[in-house]
>>> print(open('target18.txt').read())   # compact mmCIF, C-alpha atoms
# COMPACT_ATOMS: atom_id res chain seq x y z
CA MET N 444 0.98 1.85 -26.87
CA PRO N 445 -1.63 -0.68 -28.10
CA ARG N 446 -0.47 -4.27 -28.67
CA THR N 447 -1.90 -6.09 -31.65
CA SER N 448 -0.78 -9.61 -32.29
CA VAL N 449 1.12 -10.35 -29.04
CA LYS N 450 0.11 -13.75 -27.71
CA VAL N 451 -0.62 -13.05 -24.06
CA ASP N 452 0.99 -15.37 -21.51
CA PHE N 453 -1.36 -14.70 -18.65
CA ASP N 454 0.68 -16.35 -15.90
CA SER N 455 3.61 -14.06 -16.61
CA SER N 456 1.18 -11.12 -16.58
CA LEU N 457 0.18 -11.96 -13.00
CA VAL N 458 3.83 -12.42 -12.03
CA ALA N 459 4.68 -9.05 -13.61
CA LEU N 460 1.85 -7.36 -11.70
CA GLY N 461 2.98 -8.94 -8.43
CA ALA N 462 6.56 -7.86 -9.06
CA SER N 463 5.52 -4.26 -9.73
CA ILE N 464 3.47 -4.20 -6.52
CA ARG N 465 6.46 -5.58 -4.59
CA ALA N 466 8.90 -3.13 -6.17
CA LYS N 467 6.72 -0.11 -5.38
CA ARG N 468 6.06 -1.40 -1.84
CA ARG N 469 9.81 -1.72 -1.21
CA GLN N 470 10.41 1.71 -2.72
CA LEU N 471 8.03 3.07 -0.06
CA HIS N 472 9.78 0.97 2.64
CA LEU N 473 6.51 -0.74 3.46
CA SER N 474 6.34 -4.27 4.85
CA GLN N 475 4.00 -6.73 3.12
CA GLU N 476 1.93 -6.72 6.30
CA ALA N 477 1.62 -2.91 6.27
CA LEU N 478 0.58 -2.94 2.60
CA ALA N 479 -1.96 -5.69 3.27
CA ASP N 480 -3.40 -3.72 6.20
CA SER N 481 -3.64 -0.43 4.30
CA SER N 482 -5.20 -2.26 1.34
CA GLY N 483 -7.69 -4.03 3.58
CA LEU N 484 -6.40 -7.39 2.37
CA ASP N 485 -5.28 -10.49 4.24
CA ARG N 486 -1.49 -10.73 4.57
CA ALA N 487 -1.25 -14.22 3.15
CA HIS N 488 -3.40 -13.16 0.17
CA MET N 489 -1.08 -10.21 -0.43
CA GLY N 490 1.89 -12.58 -0.48
CA LYS N 491 0.21 -14.74 -3.12
CA ILE N 492 -0.65 -11.64 -5.16
CA GLU N 493 2.98 -10.46 -5.05
CA ARG N 494 4.13 -13.93 -6.21
CA GLY N 495 1.69 -13.80 -9.13
CA GLU N 496 -0.34 -16.68 -7.78
CA ARG N 497 -3.66 -14.86 -7.75
CA ASN N 498 -5.81 -13.51 -10.59
CA VAL N 499 -6.47 -10.30 -8.66
CA SER N 500 -9.82 -8.56 -8.96
CA VAL N 501 -9.88 -5.03 -10.33
CA LEU N 502 -11.17 -3.69 -7.00
CA ASN N 503 -8.25 -5.26 -5.16
CA VAL N 504 -5.87 -3.77 -7.74
CA LEU N 505 -7.52 -0.41 -6.95
CA ARG N 506 -7.14 -0.97 -3.18
CA ILE N 507 -3.47 -1.88 -3.54
CA ALA N 508 -2.79 1.02 -5.91
CA ARG N 509 -4.39 3.50 -3.48
CA ALA N 510 -2.31 2.06 -0.63
CA LEU N 511 0.78 2.58 -2.81
CA ASP N 512 -0.40 6.16 -3.55
CA MET N 513 -0.73 5.56 -7.28
CA THR N 514 -3.56 4.91 -9.74
CA ALA N 515 -4.44 1.40 -10.84
CA ALA N 516 -3.52 2.43 -14.39
CA GLU N 517 -0.04 3.49 -13.19
CA LEU N 518 0.36 0.19 -11.35
CA LEU N 519 -0.56 -1.85 -14.44
CA ASP N 520 1.61 0.37 -16.61
CA ALA N 521 4.57 -0.27 -14.31
CA ALA N 522 3.96 -3.98 -14.92
CA LYS N 523 3.79 -3.32 -18.69
CA LEU N 524 0.19 -4.67 -18.80
CA MET D 1263 -1.04 11.40 -11.06
CA PRO D 1264 -1.17 9.55 -7.70
CA ARG D 1265 -4.28 10.05 -5.53
CA THR D 1266 -3.75 10.43 -1.81
CA SER D 1267 -6.76 10.82 0.39
CA VAL D 1268 -9.58 10.15 -2.12
CA LYS D 1269 -12.17 7.88 -0.55
CA VAL D 1270 -12.72 5.24 -3.22
CA ASP D 1271 -16.31 4.43 -4.14
CA PHE D 1272 -15.72 1.01 -5.60
CA ASP D 1273 -19.09 0.54 -7.26
CA SER D 1274 -18.59 3.67 -9.31
CA SER D 1275 -15.12 2.41 -10.23
CA LEU D 1276 -16.62 -0.72 -11.75
CA VAL D 1277 -19.27 1.35 -13.56
CA ALA D 1278 -16.53 3.65 -14.89
CA LEU D 1279 -14.50 0.68 -16.13
CA GLY D 1280 -17.57 -0.80 -17.84
CA ALA D 1281 -18.38 2.52 -19.46
CA SER D 1282 -14.83 2.90 -20.82
CA ILE D 1283 -14.98 -0.64 -22.26
CA ARG D 1284 -18.34 0.14 -23.89
CA ALA D 1285 -17.13 3.48 -25.27
CA LYS D 1286 -14.01 1.97 -26.83
CA ARG D 1287 -16.03 -0.99 -28.20
CA ARG D 1288 -18.47 1.40 -29.89
CA GLN D 1289 -15.59 3.48 -31.20
CA LEU D 1290 -14.35 0.33 -32.93
CA HIS D 1291 -17.92 -0.44 -34.16
CA LEU D 1292 -17.83 -3.79 -32.39
CA SER D 1293 -20.94 -5.50 -31.09
CA GLN D 1294 -20.93 -6.71 -27.47
CA GLU D 1295 -21.07 -10.25 -28.85
CA ALA D 1296 -18.02 -9.68 -31.07
CA LEU D 1297 -16.06 -8.21 -28.14
CA ALA D 1298 -17.08 -11.12 -25.91
CA ASP D 1299 -15.97 -13.61 -28.56
CA SER D 1300 -12.63 -11.95 -29.21
CA SER D 1301 -12.04 -11.68 -25.44
CA GLY D 1302 -12.94 -15.31 -24.92
CA LEU D 1303 -15.71 -14.29 -22.53
CA ASP D 1304 -19.36 -15.22 -22.33
CA ARG D 1305 -21.64 -12.59 -23.88
CA ALA D 1306 -23.86 -12.26 -20.84
CA HIS D 1307 -20.79 -11.84 -18.62
CA MET D 1308 -19.52 -9.10 -20.93
CA GLY D 1309 -22.86 -7.29 -20.59
CA LYS D 1310 -22.60 -7.37 -16.80
CA ILE D 1311 -18.99 -6.13 -16.98
CA GLU D 1312 -20.04 -3.21 -19.20
CA ARG D 1313 -22.83 -2.34 -16.73
CA GLY D 1314 -20.32 -2.35 -13.85
CA GLU D 1315 -21.97 -5.34 -12.20
CA ARG D 1316 -18.86 -7.48 -12.05
CA ASN D 1317 -15.61 -7.09 -10.11
CA VAL D 1318 -13.59 -8.13 -13.15
CA SER D 1319 -10.40 -10.14 -12.73
CA VAL D 1320 -7.16 -8.60 -13.95
CA LEU D 1321 -6.76 -11.36 -16.56
CA ASN D 1322 -10.20 -10.59 -17.98
CA VAL D 1323 -9.30 -6.89 -18.05
CA LEU D 1324 -6.20 -7.95 -20.03
CA ARG D 1325 -8.29 -10.10 -22.41
CA ILE D 1326 -10.76 -7.28 -23.03
CA ALA D 1327 -7.99 -4.70 -23.46
CA ARG D 1328 -6.21 -6.91 -26.03
CA ALA D 1329 -9.50 -7.39 -27.91
CA LEU D 1330 -9.88 -3.59 -27.94
CA ASP D 1331 -6.25 -3.29 -29.18
CA MET D 1332 -5.07 -1.37 -26.13
CA THR D 1333 -3.15 -2.13 -22.95
CA ALA D 1334 -4.93 -2.84 -19.67
CA ALA D 1335 -3.22 0.28 -18.26
CA GLU D 1336 -4.70 2.39 -21.08
CA LEU D 1337 -8.14 0.88 -20.45
CA LEU D 1338 -8.00 1.67 -16.72
CA ASP D 1339 -6.60 5.11 -17.46
CA ALA D 1340 -9.54 5.81 -19.78
CA ALA D 1341 -11.79 4.97 -16.84
CA LYS D 1342 -9.72 7.28 -14.61
CA LEU D 1343 -8.84 4.37 -12.29
>>> encode(input="target18.txt", output="structure tokens")
Amino acid sequence: MPRTSVKVDFDSSLVALGASIRAKRRQLHLSQEALADSSGLDRAHMGKIERGERNVSVLNVLRIARALDMTAAELLDAAKL
Amino acid sequence: MPRTSVKVDFDSSLVALGASIRAKRRQLHLSQEALADSSGLDRAHMGKIERGERNVSVLNVLRIARALDMTAAELLDAAKL
């Protein structure tokens, strides 16, 4: 579903990504700490990512997606990105 | 299609993402310079991204995807990430 002329509000994109990570994490009954550990990320960093305060790298998106047992594409799709 | 126990080789993930960007760019008959401009990225940086030499940020993935008239999820899916 390609977007053409939508003006992208990047902050809300990061917030949407963080929210979709949080929603999937909760669905799996994982704590933020457990997700951070299984993603190989620092817990505080994971918190900032979930709050949309970090412009996450694609490799960290991959790590988080794997830890949530989904593909990075599925994770971004869930965030409508 | 969630992956479970696949050991992720991150370098190849970045190369796959770069290749899918390059393939879509060529499909649209865009030069690397034109894609860099429309993504708001530096041309040399775009070259490194296409060669898989950069751990791209999610916002830059979004910028590139928009410039290629697709969603970031579609772009990552094309790279099987």
>>> closest_atom_pairs(input="target18.txt", of="chain N", to="region 1274-1292 of chain D", cutoff="9 Å", atoms="only C-alpha atoms", output="Markdown table")
| residue | atom | partner | partner_atom | distance |
| --- | --- | --- | --- | --- |
| N:Val501 | CA | D:Leu1276 | CA | 8.1 |
| N:Leu502 | CA | D:Leu1276 | CA | 7.8 |
| N:Leu505 | CA | D:Ser1275 | CA | 8.7 |
>>> interface_residues(input="target18.txt", of="chain D", to="chain N", cutoff="8 Å", atoms="only C-alpha atoms", output="ChimeraX atom specification")
/D:1263-1266,1272,1275-1276,1317-1321,1323-1324,1328,1331-1339,1342-1343
>>> write_last_selection(input="target18.txt", atoms="C-alpha atoms", output="PDB file, keeping the file's coordinate frame")
ATOM      1  CA  MET D1263      -1.040  11.400 -11.060  1.00  0.00           C
ATOM      2  CA  PRO D1264      -1.170   9.550  -7.700  1.00  0.00           C
ATOM      3  CA  ARG D1265      -4.280  10.050  -5.530  1.00  0.00           C
ATOM      4  CA  THR D1266      -3.750  10.430  -1.810  1.00  0.00           C
ATOM      5  CA  PHE D1272     -15.720   1.010  -5.600  1.00  0.00           C
ATOM      6  CA  SER D1275     -15.120   2.410 -10.230  1.00  0.00           C
ATOM      7  CA  LEU D1276     -16.620  -0.720 -11.750  1.00  0.00           C
ATOM      8  CA  ASN D1317     -15.610  -7.090 -10.110  1.00  0.00           C
ATOM      9  CA  VAL D1318     -13.590  -8.130 -13.150  1.00  0.00           C
ATOM     10  CA  SER D1319     -10.400 -10.140 -12.730  1.00  0.00           C
ATOM     11  CA  VAL D1320      -7.160  -8.600 -13.950  1.00  0.00           C
ATOM     12  CA  LEU D1321      -6.760 -11.360 -16.560  1.00  0.00           C
ATOM     13  CA  VAL D1323      -9.300  -6.890 -18.050  1.00  0.00           C
ATOM     14  CA  LEU D1324      -6.200  -7.950 -20.030  1.00  0.00           C
ATOM     15  CA  ARG D1328      -6.210  -6.910 -26.030  1.00  0.00           C
ATOM     16  CA  ASP D1331      -6.250  -3.290 -29.180  1.00  0.00           C
ATOM     17  CA  MET D1332      -5.070  -1.370 -26.130  1.00  0.00           C
ATOM     18  CA  THR D1333      -3.150  -2.130 -22.950  1.00  0.00           C
ATOM     19  CA  ALA D1334      -4.930  -2.840 -19.670  1.00  0.00           C
ATOM     20  CA  ALA D1335      -3.220   0.280 -18.260  1.00  0.00           C
ATOM     21  CA  GLU D1336      -4.700   2.390 -21.080  1.00  0.00           C
ATOM     22  CA  LEU D1337      -8.140   0.880 -20.450  1.00  0.00           C
ATOM     23  CA  LEU D1338      -8.000   1.670 -16.720  1.00  0.00           C
ATOM     24  CA  ASP D1339      -6.600   5.110 -17.460  1.00  0.00           C
ATOM     25  CA  LYS D1342      -9.720   7.280 -14.610  1.00  0.00           C
ATOM     26  CA  LEU D1343      -8.840   4.370 -12.290  1.00  0.00           C
TER      27      LEU D1343
END
>>> atom_distance(input="target18.txt", atom1="CA of Leu1303 (chain D)", atom2="CA of Gly495 (chain N)")
22.0 Å
